[in-house]
file final_28.cif (mmCIF, C-alpha atoms)
data_work
#
loop_
_atom_site.label_atom_id
_atom_site.label_comp_id
_atom_site.auth_asym_id
_atom_site.auth_seq_id
_atom_site.Cartn_x
_atom_site.Cartn_y
_atom_site.Cartn_z
CA MET E 194 157.62 19.13 86.61
CA MET E 195 156.74 22.79 87.07
CA LYS E 196 153.26 24.29 86.71
CA PHE E 197 152.16 27.93 86.80
CA GLN E 198 149.61 28.36 89.60
CA LEU E 199 148.29 31.93 89.68
CA ALA E 200 149.01 35.65 89.62
CA LEU E 201 149.08 37.46 92.96
CA LEU E 202 148.22 41.13 93.41
CA ALA E 203 149.57 43.20 96.29
CA VAL E 204 146.69 45.00 98.02
CA LYS E 205 146.45 47.52 100.83
CA ASP E 206 143.25 46.14 102.38
CA VAL E 207 142.33 42.54 101.57
CA GLU E 208 138.70 42.99 102.67
CA VAL E 209 138.13 45.99 100.35
CA SER E 210 139.68 44.14 97.41
CA LYS E 211 137.85 40.91 98.19
CA LYS E 212 134.52 42.76 98.17
CA PHE E 213 135.42 44.53 94.89
CA TYR E 214 136.26 41.31 93.02
CA LYS E 215 133.34 39.36 94.48
CA GLU E 216 130.70 42.00 93.74
CA LEU E 217 131.85 43.44 90.43
CA PHE E 218 133.50 40.39 88.83
CA LEU E 219 131.51 37.62 90.55
CA GLN E 220 134.69 35.96 91.75
CA GLU E 221 134.21 33.22 94.30
CA VAL E 222 136.69 32.87 97.13
CA VAL E 223 138.40 29.51 96.76
CA LEU E 224 140.74 29.93 99.73
CA ASP E 225 140.73 32.64 102.39
CA LEU E 226 143.83 32.75 104.58
CA GLY E 227 143.10 36.16 106.05
CA LYS E 228 145.70 38.34 104.36
CA ASN E 229 145.82 36.06 101.31
CA VAL E 230 142.71 35.25 99.27
CA THR E 231 142.53 33.07 96.16
CA PHE E 232 139.67 33.54 93.69
CA SER E 233 137.95 31.14 91.32
CA GLY E 234 139.36 33.06 88.34
CA GLY E 235 142.88 31.86 89.07
CA PHE E 236 144.40 34.87 90.81
CA ALA E 237 144.99 35.90 94.41
CA ILE E 238 145.32 39.06 96.48
CA GLN E 239 147.82 39.59 99.28
CA GLU E 240 147.88 42.18 102.05
CA ASP E 241 151.32 43.09 103.48
CA PHE E 242 153.07 41.95 100.31
CA ALA E 243 156.29 43.88 101.05
CA TRP E 244 156.67 42.00 104.33
CA LEU E 245 155.91 38.66 102.67
CA ALA E 246 158.34 39.20 99.79
CA ASN E 247 160.95 40.78 102.09
CA VAL E 248 161.21 43.96 100.02
CA GLU E 249 161.09 47.64 100.94
CA LYS E 250 157.52 48.83 101.45
CA ASP E 251 157.96 51.79 99.09
CA SER E 252 159.24 49.47 96.34
CA VAL E 253 155.73 48.03 95.90
CA LEU E 254 154.46 50.40 93.22
CA LYS E 255 150.93 51.64 92.66
CA LYS E 256 149.47 52.33 89.24
CA SER E 257 152.48 50.93 87.38
CA ASN E 258 150.33 50.27 84.27
CA ASN E 259 152.54 47.38 83.22
CA MET E 260 150.10 44.49 83.54
CA GLU E 261 146.39 43.86 83.70
CA LEU E 262 143.82 41.28 84.64
CA TYR E 263 141.62 40.44 81.65
CA PHE E 264 137.98 39.43 81.90
CA GLU E 265 135.51 38.74 79.10
CA VAL E 266 131.76 39.18 79.42
CA GLU E 267 128.96 37.81 77.27
CA ASP E 268 126.77 40.91 77.68
CA PHE E 269 129.06 43.93 77.54
CA ASP E 270 126.22 46.48 77.77
CA ALA E 271 124.84 44.84 80.92
CA PHE E 272 128.31 44.91 82.47
CA LEU E 273 128.66 48.63 81.70
CA GLN E 274 125.32 49.25 83.43
CA LYS E 275 126.55 47.27 86.44
CA LEU E 276 129.79 49.26 86.44
CA ASP E 277 127.80 52.52 86.48
CA ARG E 278 126.12 51.43 89.73
CA PHE E 279 129.47 51.05 91.55
CA GLU E 280 130.85 54.03 93.41
CA ASN E 281 134.34 55.38 92.94
CA ILE E 282 135.26 53.45 89.81
CA ASN E 283 138.50 54.87 88.45
CA TYR E 284 138.61 54.46 84.65
CA VAL E 285 141.78 53.94 82.67
CA HIS E 286 139.67 54.77 79.63
CA PRO E 287 135.97 54.76 78.74
CA PRO E 288 134.49 51.97 76.61
CA LYS E 289 136.04 51.80 73.15
CA LYS E 290 135.95 49.51 70.13
CA TYR E 291 139.09 48.06 68.58
CA GLU E 292 139.65 47.26 64.90
CA TRP E 293 139.00 43.55 65.65
CA GLN E 294 135.46 44.64 66.62
CA GLN E 295 135.82 44.02 70.35
CA ARG E 296 134.45 46.58 72.79
CA VAL E 297 136.49 46.98 75.97
CA VAL E 298 136.74 49.18 79.02
CA ARG E 299 139.67 49.42 81.41
CA ILE E 300 139.39 50.35 85.06
CA TYR E 301 141.59 50.30 88.14
CA ASP E 302 140.86 48.14 91.17
CA PRO E 303 141.07 49.73 94.67
CA ASP E 304 144.88 49.32 94.61
CA HIS E 305 145.27 50.70 91.07
CA HIS E 306 145.85 47.39 89.30
CA MET E 307 144.59 47.68 85.74
CA ILE E 308 141.65 45.51 84.70
CA GLU E 309 140.42 45.08 81.15
CA ILE E 310 136.87 43.92 80.56
CA GLY E 311 136.18 42.93 76.99
CA GLU E 312 133.18 41.72 75.09
CA SER E 313 133.52 37.99 74.47
CA MET E 314 135.17 37.32 71.12
CA ALA E 315 132.91 34.27 70.72
CA VAL E 316 129.83 36.47 71.12
CA ILE E 317 131.21 38.88 68.51
CA ALA E 318 131.90 36.04 66.06
CA ARG E 319 128.40 34.59 66.50
CA ARG E 320 126.81 38.04 66.08
CA TYR E 321 128.52 38.75 62.76
CA PHE E 322 127.79 35.22 61.50
CA ALA E 323 124.10 35.67 62.42
CA GLU E 324 124.13 38.92 60.42
CA GLY E 325 124.93 36.86 57.31
CA TYR E 326 128.70 37.09 57.08
CA SER E 327 130.60 33.94 56.09
CA VAL E 328 133.05 32.21 58.42
CA GLU E 329 135.93 33.61 56.38
CA GLU E 330 134.50 37.15 56.46
CA VAL E 331 133.95 36.99 60.22
CA ALA E 332 137.48 35.68 60.75
CA LYS E 333 138.87 38.61 58.76
CA MET E 334 136.68 41.16 60.59
CA ILE E 335 137.61 39.95 64.08
CA GLN E 336 141.21 39.10 63.15
CA HIS E 337 140.98 35.54 64.45
CA PRO E 338 141.58 32.22 62.69
CA THR E 339 138.67 30.58 60.87
CA ALA E 340 139.04 27.61 63.25
CA PHE E 341 138.21 29.95 66.15
CA VAL E 342 135.08 31.23 64.38
CA GLU E 343 133.96 27.69 63.55
CA MET E 344 134.47 26.66 67.17
CA CYS E 345 132.33 29.62 68.30
CA LEU E 346 129.50 28.51 66.04
CA GLN E 347 129.49 25.05 67.65
CA ASP E 348 128.93 26.42 71.16
#
call {"tool": "encode", "arguments": {"input": "final_28.cif", "output": "structure tokens"}}
result
Amino acid sequence: MMKFQLALLAVKDVEVSKKFYKELFLQEVVLDLGKNVTFSGGFAIQEDFAWLANVEKDSVLKKSNNMELYFEVEDFDAFLQKLDRFENINYVHPPKKYEWQQRVVRIYDPDHHMIEIGESMAVIARRYFAEGYSVEEVAKMIQHPTAFVEMCLQD
């Protein structure tokens, strides 16, 4: 049997990245091995990745923009306020709203890994339902199955 365990991000300074993910994303350290730290969200960071993977140091790219970590928040506005209080946040783009009604913002972590923070789709579904839209109308607006919307209303 094979089971996926986690994604690992190459970082320059494990302490800087650990602080970033703990403070901004409320990630708890599950395992700290010094240069390798695993977080409660199911991902890890690794200092000296080139050495570990036995690859050329300059082959570990920065700002490749070919993957992202994705977080959802219940209170998107509160998260944006929290983000404003952090120094040196490098934005991929400012907050925007997609056609499925989700507001998102993308930023880079200290090592230029892309992070997307989106408003919880369950929160969006419940909000539109509370405004008087039917389950079917909400499903169409947020481009999700009706079963998803119904599940959100049970929470």
call {"tool": "atom_distance", "arguments": {"input": "final_28.cif", "atom1": "atom CA of E:Glu343", "atom2": "atom CA of E:Val266"}}
result
19.7 Å
call {"tool": "resolve_selection", "arguments": {"input": "final_28.cif", "expression": "the PyMOL selection byres ((chain E and resi 337) around 12)", "output": "ChimeraX atom specification"}}
result
/E:292-295,314-315,317-318,328-336,338-345
call {"tool": "atom_distance", "arguments": {"input": "final_28.cif", "atom1": "atom CA of E:Val285", "atom2": "atom CA of E:Arg299"}}
result
5.1 Å
call {"tool": "atom_distance", "arguments": {"input": "final_28.cif", "atom1": "atom CA of E:Lys255", "atom2": "atom CA of E:Lys228"}}
result
18.5 Å
call {"tool": "resolve_selection", "arguments": {"input": "final_28.cif", "expression": "the PyMOL selection byres ((chain E and resi 199) around 6)", "output": "PyMOL selection string"}}
result
chain E and resi 198+200+235-236
call {"tool": "closest_residue", "arguments": {"input": "final_28.cif", "among": "E:Asn247, E:Ser313, E:Gln220, E:Asn258", "to": "E:Gly234", "atoms": "all atoms listed in the file"}}
result
E:Gln220
call {"tool": "residues_around", "arguments": {"input": "final_28.cif", "residues": "E:Pro303", "least_positions_apart": "5", "cutoff": "12 Å", "atoms": "all atoms listed in the file", "output": "list in words"}}
result
Leu202, Ala203, Val204, Lys205, Asp206, Val207, Glu208, Val209, Ser210, Lys211, Lys212, Phe213, Tyr214, Leu217, Ile238, Lys255, Lys256, Glu280, Asn281, Ile282, Asn283, Tyr284 and Ile308 of chain E
call {"tool": "closest_residue", "arguments": {"input": "final_28.cif", "among": "E:Asp241, E:His306, E:Tyr263, E:Glu216", "to": "E:Arg278", "atoms": "only C-alpha atoms"}}
result
E:Glu216
call {"tool": "closest_residue", "arguments": {"input": "final_28.cif", "among": "E:Ala271, E:Leu262, E:Leu201, E:Val253", "to": "E:Ala237", "atoms": "only C-alpha atoms"}}
result
E:Leu201
call {"tool": "resolve_selection", "arguments": {"input": "final_28.cif", "expression": "the PyMOL selection byres ((chain E and resi 287) around 12)", "output": "list in words"}}
result
Leu273, Leu276, Asp277, Ile282, Asn283, Tyr284, Val285, His286, Pro288, Lys289, Lys290, Arg296, Val297, Val298, Arg299, Ile300, Tyr301, Glu309, Ile310 and Gly311 of chain E
call {"tool": "axis_aligned_box", "arguments": {"input": "final_28.cif", "around": "stretch 324-327 of chain E", "padding_each_side": "8 Å", "output": "lines of an AutoDock Vina configuration file"}}
result
center_x = 127.4
center_y = 36.4
center_z = 58.3
size_x = 22.5
size_y = 21.0
size_z = 20.3
call {"tool": "closest_residue", "arguments": {"input": "final_28.cif", "among": "E:Arg319, E:Glu324, E:Leu219, E:Asp225", "to": "E:Phe264", "atoms": "all atoms listed in the file"}}
result
E:Leu219
call {"tool": "decode", "arguments": {"input": "final_28.cif", "residues": "stretch 235-247 of chain E", "atoms": "all heavy atoms", "output": "tab-separated table (two decimals), in the first residue's frame"}}
result
chain	number	residue	atom	x	y	z
E	235	GLY	N	-0.43	19.66	7.24
E	235	GLY	CA	-0.07	18.59	6.32
E	235	GLY	C	1.02	18.93	5.32
E	235	GLY	O	1.09	18.36	4.24
E	236	PHE	N	1.87	19.88	5.66
E	236	PHE	CA	3.01	20.20	4.80
E	236	PHE	C	4.22	20.42	5.69
E	236	PHE	O	4.11	20.55	6.91
E	236	PHE	CB	2.74	21.41	3.90
E	236	PHE	CG	2.62	22.72	4.64
E	236	PHE	CD1	3.69	23.59	4.72
E	236	PHE	CD2	1.43	23.08	5.25
E	236	PHE	CE1	3.58	24.80	5.39
E	236	PHE	CE2	1.30	24.29	5.92
E	236	PHE	CZ	2.38	25.15	6.00
E	237	ALA	N	5.40	20.43	5.07
E	237	ALA	CA	6.65	20.59	5.82
E	237	ALA	C	7.55	21.58	5.09
E	237	ALA	O	7.37	21.87	3.92
E	237	ALA	CB	7.35	19.24	5.96
E	238	ILE	N	8.53	22.08	5.83
E	238	ILE	CA	9.55	22.96	5.27
E	238	ILE	C	10.90	22.30	5.53
E	238	ILE	O	11.09	21.60	6.52
E	238	ILE	CB	9.48	24.39	5.86
E	238	ILE	CG1	9.56	24.37	7.38
E	238	ILE	CG2	8.21	25.09	5.38
E	238	ILE	CD1	9.60	25.75	8.03
E	239	GLN	N	11.84	22.54	4.61
E	239	GLN	CA	13.15	21.91	4.70
E	239	GLN	C	14.23	22.90	4.32
E	239	GLN	O	14.24	23.45	3.23
E	239	GLN	CB	13.21	20.71	3.75
E	239	GLN	CG	14.56	20.05	3.64
E	239	GLN	CD	14.93	19.25	4.88
E	239	GLN	OE1	14.12	18.47	5.37
E	239	GLN	NE2	16.13	19.44	5.39
E	240	GLU	N	15.15	23.14	5.25
E	240	GLU	CA	16.35	23.93	4.96
E	240	GLU	C	17.38	22.99	4.35
E	240	GLU	O	17.40	21.80	4.64
E	240	GLU	CB	16.86	24.54	6.27
E	240	GLU	CG	17.92	25.59	6.11
E	240	GLU	CD	18.27	26.25	7.43
E	240	GLU	OE1	17.35	26.72	8.14
E	240	GLU	OE2	19.48	26.30	7.74
E	241	ASP	N	18.26	23.53	3.50
E	241	ASP	CA	19.31	22.74	2.83
E	241	ASP	C	18.73	21.63	1.96
E	241	ASP	O	19.24	20.50	1.92
E	241	ASP	CB	20.29	22.15	3.84
E	241	ASP	CG	21.14	23.20	4.54
E	241	ASP	OD1	21.34	24.29	3.96
E	241	ASP	OD2	21.60	22.93	5.66
E	242	PHE	N	17.68	21.96	1.22
E	242	PHE	CA	16.99	20.97	0.39
E	242	PHE	C	17.90	20.42	-0.71
E	242	PHE	O	17.85	19.23	-1.00
E	242	PHE	CB	15.71	21.57	-0.21
E	242	PHE	CG	14.94	20.59	-1.03
E	242	PHE	CD1	14.21	19.58	-0.43
E	242	PHE	CD2	14.95	20.68	-2.42
E	242	PHE	CE1	13.51	18.66	-1.19
E	242	PHE	CE2	14.24	19.77	-3.19
E	242	PHE	CZ	13.51	18.76	-2.57
E	243	ALA	N	18.71	21.28	-1.33
E	243	ALA	CA	19.59	20.80	-2.41
E	243	ALA	C	20.53	19.70	-1.90
E	243	ALA	O	20.71	18.68	-2.57
E	243	ALA	CB	20.39	21.96	-2.99
E	244	TRP	N	21.07	19.91	-0.71
E	244	TRP	CA	21.94	18.88	-0.12
E	244	TRP	C	21.15	17.60	0.13
E	244	TRP	O	21.59	16.51	-0.23
E	244	TRP	CB	22.53	19.40	1.19
E	244	TRP	CG	23.18	18.31	1.99
E	244	TRP	CD1	24.44	17.80	1.83
E	244	TRP	CD2	22.57	17.56	3.04
E	244	TRP	NE1	24.66	16.77	2.72
E	244	TRP	CE2	23.52	16.61	3.49
E	244	TRP	CE3	21.33	17.59	3.65
E	244	TRP	CZ2	23.24	15.71	4.50
E	244	TRP	CZ3	21.06	16.70	4.67
E	244	TRP	CH2	22.02	15.77	5.08
E	245	LEU	N	19.97	17.73	0.70
E	245	LEU	CA	19.15	16.58	1.04
E	245	LEU	C	18.77	15.78	-0.21
E	245	LEU	O	18.85	14.55	-0.23
E	245	LEU	CB	17.87	17.03	1.76
E	245	LEU	CG	16.89	15.93	2.15
E	245	LEU	CD1	17.45	15.10	3.30
E	245	LEU	CD2	15.55	16.54	2.54
E	246	ALA	N	18.35	16.49	-1.25
E	246	ALA	CA	17.90	15.83	-2.48
E	246	ALA	C	19.05	15.47	-3.43
E	246	ALA	O	18.83	14.86	-4.47
E	246	ALA	CB	16.90	16.72	-3.20
E	247	ASN	N	20.27	15.90	-3.05
E	247	ASN	CA	21.46	15.62	-3.85
E	247	ASN	C	21.33	16.22	-5.25
E	247	ASN	O	21.56	15.55	-6.26
E	247	ASN	CB	21.74	14.12	-3.92
E	247	ASN	CG	23.16	13.83	-4.34
E	247	ASN	OD1	24.07	14.60	-4.06
E	247	ASN	ND2	23.35	12.72	-5.04
